[in-house]
Structures are given as C-alpha cells and as structure tokens.
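Novice: Structure file entry21.cif, mmCIF, C-alpha atoms, is pasted below:
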data_model
loop_
_atom_site.label_atom_id
_atom_site.label_comp_id
_atom_site.auth_asym_id
_atom_site.auth_seq_id
_atom_site.Cartn_x
_atom_site.Cartn_y
_atom_site.Cartn_z
CA MET A 1 0.88 7.81 14.48
CA LEU A 2 1.44 6.36 11.01
CA THR A 3 -1.01 4.74 8.63
CA ALA A 4 0.10 2.30 5.95
CA LEU A 5 -1.08 2.35 2.36
CA VAL A 6 -0.20 -0.73 0.35
CA LEU A 7 0.03 -0.01 -3.35
CA ILE A 8 -0.16 -2.89 -5.83
CA CYS A 9 1.76 -1.72 -8.88
CA SER A 10 2.08 -3.29 -12.32
CA LEU A 11 5.59 -3.13 -13.75
CA ALA A 12 3.99 -3.18 -17.20
CA LEU A 13 2.34 0.19 -16.45
CA THR A 14 4.93 1.65 -14.07
CA PRO A 15 8.34 0.02 -14.67
CA ASP A 16 9.96 2.30 -12.09
CA LEU A 17 8.45 1.22 -8.75
CA SER A 18 9.41 4.53 -7.16
CA ALA A 19 6.98 6.24 -9.58
CA CYS A 20 4.06 4.12 -8.35
CA ASN A 21 1.51 6.17 -6.41
CA ARG A 22 -2.17 6.11 -5.45
CA ASP A 23 -3.17 7.39 -8.87
CA ASN A 24 -1.47 4.72 -10.99
CA ALA A 25 -1.59 1.69 -8.65
CA SER A 26 -3.85 -1.15 -9.73
CA ASP A 27 -5.03 -1.61 -6.12
CA VAL A 28 -4.69 0.42 -2.94
CA ILE A 29 -5.17 -1.15 0.47
CA LEU A 30 -5.47 0.90 3.64
CA VAL A 31 -4.16 -1.07 6.61
CA PRO A 32 -6.73 -0.51 9.40
CA VAL A 33 -4.14 -0.10 12.18
CA GLU A 34 -1.97 2.87 13.14
CA PHE A 35 1.71 2.44 13.98
CA GLY A 36 4.10 4.27 16.28
CA ASN A 37 7.22 3.97 14.13
CA PRO A 38 8.13 3.48 10.46
CA VAL A 39 9.70 0.02 10.90
CA ALA A 40 6.56 -1.40 12.51
CA CYS A 41 4.46 0.26 9.82
CA LEU A 42 6.42 -1.35 6.98
CA MET A 43 6.66 -4.80 8.54
CA GLN A 44 3.04 -5.01 9.66
CA ALA A 45 1.74 -3.69 6.34
CA GLN A 46 3.63 -6.42 4.49
CA ALA A 47 2.24 -9.06 6.86
CA TYR A 48 -1.28 -7.64 6.47
CA VAL A 49 -1.26 -7.75 2.68
CA ALA A 50 0.24 -11.27 2.69
CA GLN A 51 -2.95 -12.43 4.46
CA THR A 52 -5.24 -11.01 1.77
CA THR A 53 -6.36 -12.59 -1.48
CA ILE A 54 -4.72 -9.74 -3.39
CA GLY A 55 -1.39 -10.43 -1.68
CA ARG A 56 -1.55 -14.17 -2.34
CA GLU A 57 -2.56 -13.82 -6.00
CA LEU A 58 -0.12 -11.25 -7.35
CA ASP A 59 0.71 -11.51 -11.03
CA ALA A 60 4.34 -12.03 -12.03
CA ASP A 61 4.65 -8.37 -13.08
CA GLU A 62 3.03 -6.89 -9.94
CA ARG A 63 4.94 -5.49 -7.00
CA ILE A 64 3.96 -4.17 -3.59
CA LYS A 65 4.91 -0.73 -2.39
CA VAL A 66 4.20 0.30 1.21
CA VAL A 67 3.78 3.99 1.99
CA CYS A 68 3.64 5.02 5.66
CA THR A 69 2.16 8.46 6.25
CA PRO A 70 0.68 10.37 9.17
CA GLY A 71 -2.81 8.95 9.81
CA ARG A 72 -4.63 12.24 9.47
CA ALA A 73 -3.09 12.89 6.03
CA VAL A 74 -4.48 9.61 4.67
CA ALA A 75 -7.94 10.10 6.15
CA SER A 76 -8.32 13.52 4.57
CA THR A 77 -7.29 12.42 1.06
CA ARG A 78 -8.86 8.97 0.87
CA PRO A 79 -9.41 7.97 -2.77
CA ALA A 80 -12.38 5.84 -3.76
CA THR A 81 -10.16 2.82 -4.52
CA LEU A 82 -9.19 2.28 -0.89
CA ARG A 83 -10.55 -0.89 0.64
#
Let me see whether you can do it: turn the structure in this file into structure tokens.
Specialist:
Amino acid sequence: MLTALVLICSLALTPDLSACNRDNASDVILVPVEFGNPVACLMQAQAYVAQTTIGRELDADERIKVVCTPGRAVASTRPATLR
C-alpha cells in the first residue's frame, strides 16, 4: 500500500522542483488514505489537496509535488510539519 505526501514547494527557495523534499517544502500534507497503485496515489493526492485551503490559495511561485511511498515508511519518519 502507498501513502501520498503532498509537498508545497516555493520556486523562489527551490527553483528545481525535483530538489523539493520534506525538509525544504513550505508545507507537507499527508493524505489520510492508502492506495494500491501509483497512478491512483498521484491522482487522488492531487484531488485531495485541491479541496484544501492550501491547495486553493497557492502563491504564483508555489508548486505541488506528490510523493507516493510505502505507508510504513512514511509513518516511521513523520516530521512535525505533517498535517
């Protein structure tokens, strides 16, 4: 099972979106659902963040990066910024 982390990244701080990670993201959202395949993980994570205030109020220089990882890996390394 996969868990989705949605990283909100500022292009002003991290111009290369591929370099955005949990440590340098301005916000990190843990999607509270597990997924059986990567496509469902990516699509549902995007839909989930679109329903949040953070997703609707992105600044012009902010981008979203979705990271799908095994659920147990996320639970064991959960940073304090996760919502």
Novice: So that I can see what lies close to segment 38-46 of chain A, please list as a PyMOL selection string the residues with an atom at most 8 Å from it, counting only C-alpha atoms and leaving out residues fewer than 3 positions away in the same chain.
Specialist: chain A and resi 2-6+31+34-35+49-50+66-68
Novice: Any chance you could resolve the PyMOL selection byres ((chain A and resi 63) around 9) against this file and give the residues as an mmCIF file with C-alpha atoms, keeping the file's coordinate frame?
Specialist:
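Now in selection_20.cif:
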data_model
loop_
_atom_site.group_PDB
_atom_site.id
_atom_site.type_symbol
_atom_site.label_atom_id
_atom_site.label_comp_id
_atom_site.auth_asym_id
_atom_site.auth_seq_id
_atom_site.Cartn_x
_atom_site.Cartn_y
_atom_site.Cartn_z
ATOM 1 C CA LEU A 7 0.030 -0.010 -3.350
ATOM 2 C CA ILE A 8 -0.160 -2.890 -5.830
ATOM 3 C CA CYS A 9 1.760 -1.720 -8.880
ATOM 4 C CA SER A 10 2.080 -3.290 -12.320
ATOM 5 C CA LEU A 11 5.590 -3.130 -13.750
ATOM 6 C CA LEU A 17 8.450 1.220 -8.750
ATOM 7 C CA LEU A 58 -0.120 -11.250 -7.350
ATOM 8 C CA ASP A 59 0.710 -11.510 -11.030
ATOM 9 C CA ALA A 60 4.340 -12.030 -12.030
ATOM 10 C CA ASP A 61 4.650 -8.370 -13.080
ATOM 11 C CA GLU A 62 3.030 -6.890 -9.940
ATOM 12 C CA ILE A 64 3.960 -4.170 -3.590
ATOM 13 C CA LYS A 65 4.910 -0.730 -2.390
#
Novice: Counting only C-alpha atoms, which of A:Leu13, A:Tyr48, A:Ala19, A:Arg56 gets nearest to Val33 of chain A?
Specialist: A:Tyr48
Novice: Could you check how far atom CA of Ala25 of chain A sits from atom CA of Asn37 of chain A, in Å to one decimal?
Specialist: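 The value is 24.5 Å.
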Novice: So the first atom is atom CA of Pro70 of chain A and the second is atom CA of Met1 of chain A; what is the distance between them in Å, to one decimal place?
Specialist: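 Straight-line distance from atom CA of Pro70 of chain A to atom CA of Met1 of chain A works out to 5.9 Å.
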Novice: For Gly71 of chain A, which residue among A:Gly36, A:Asp23, A:Ile29, A:Pro15 is the nearest when counting all atoms listed in the file?
Specialist: A:Gly36
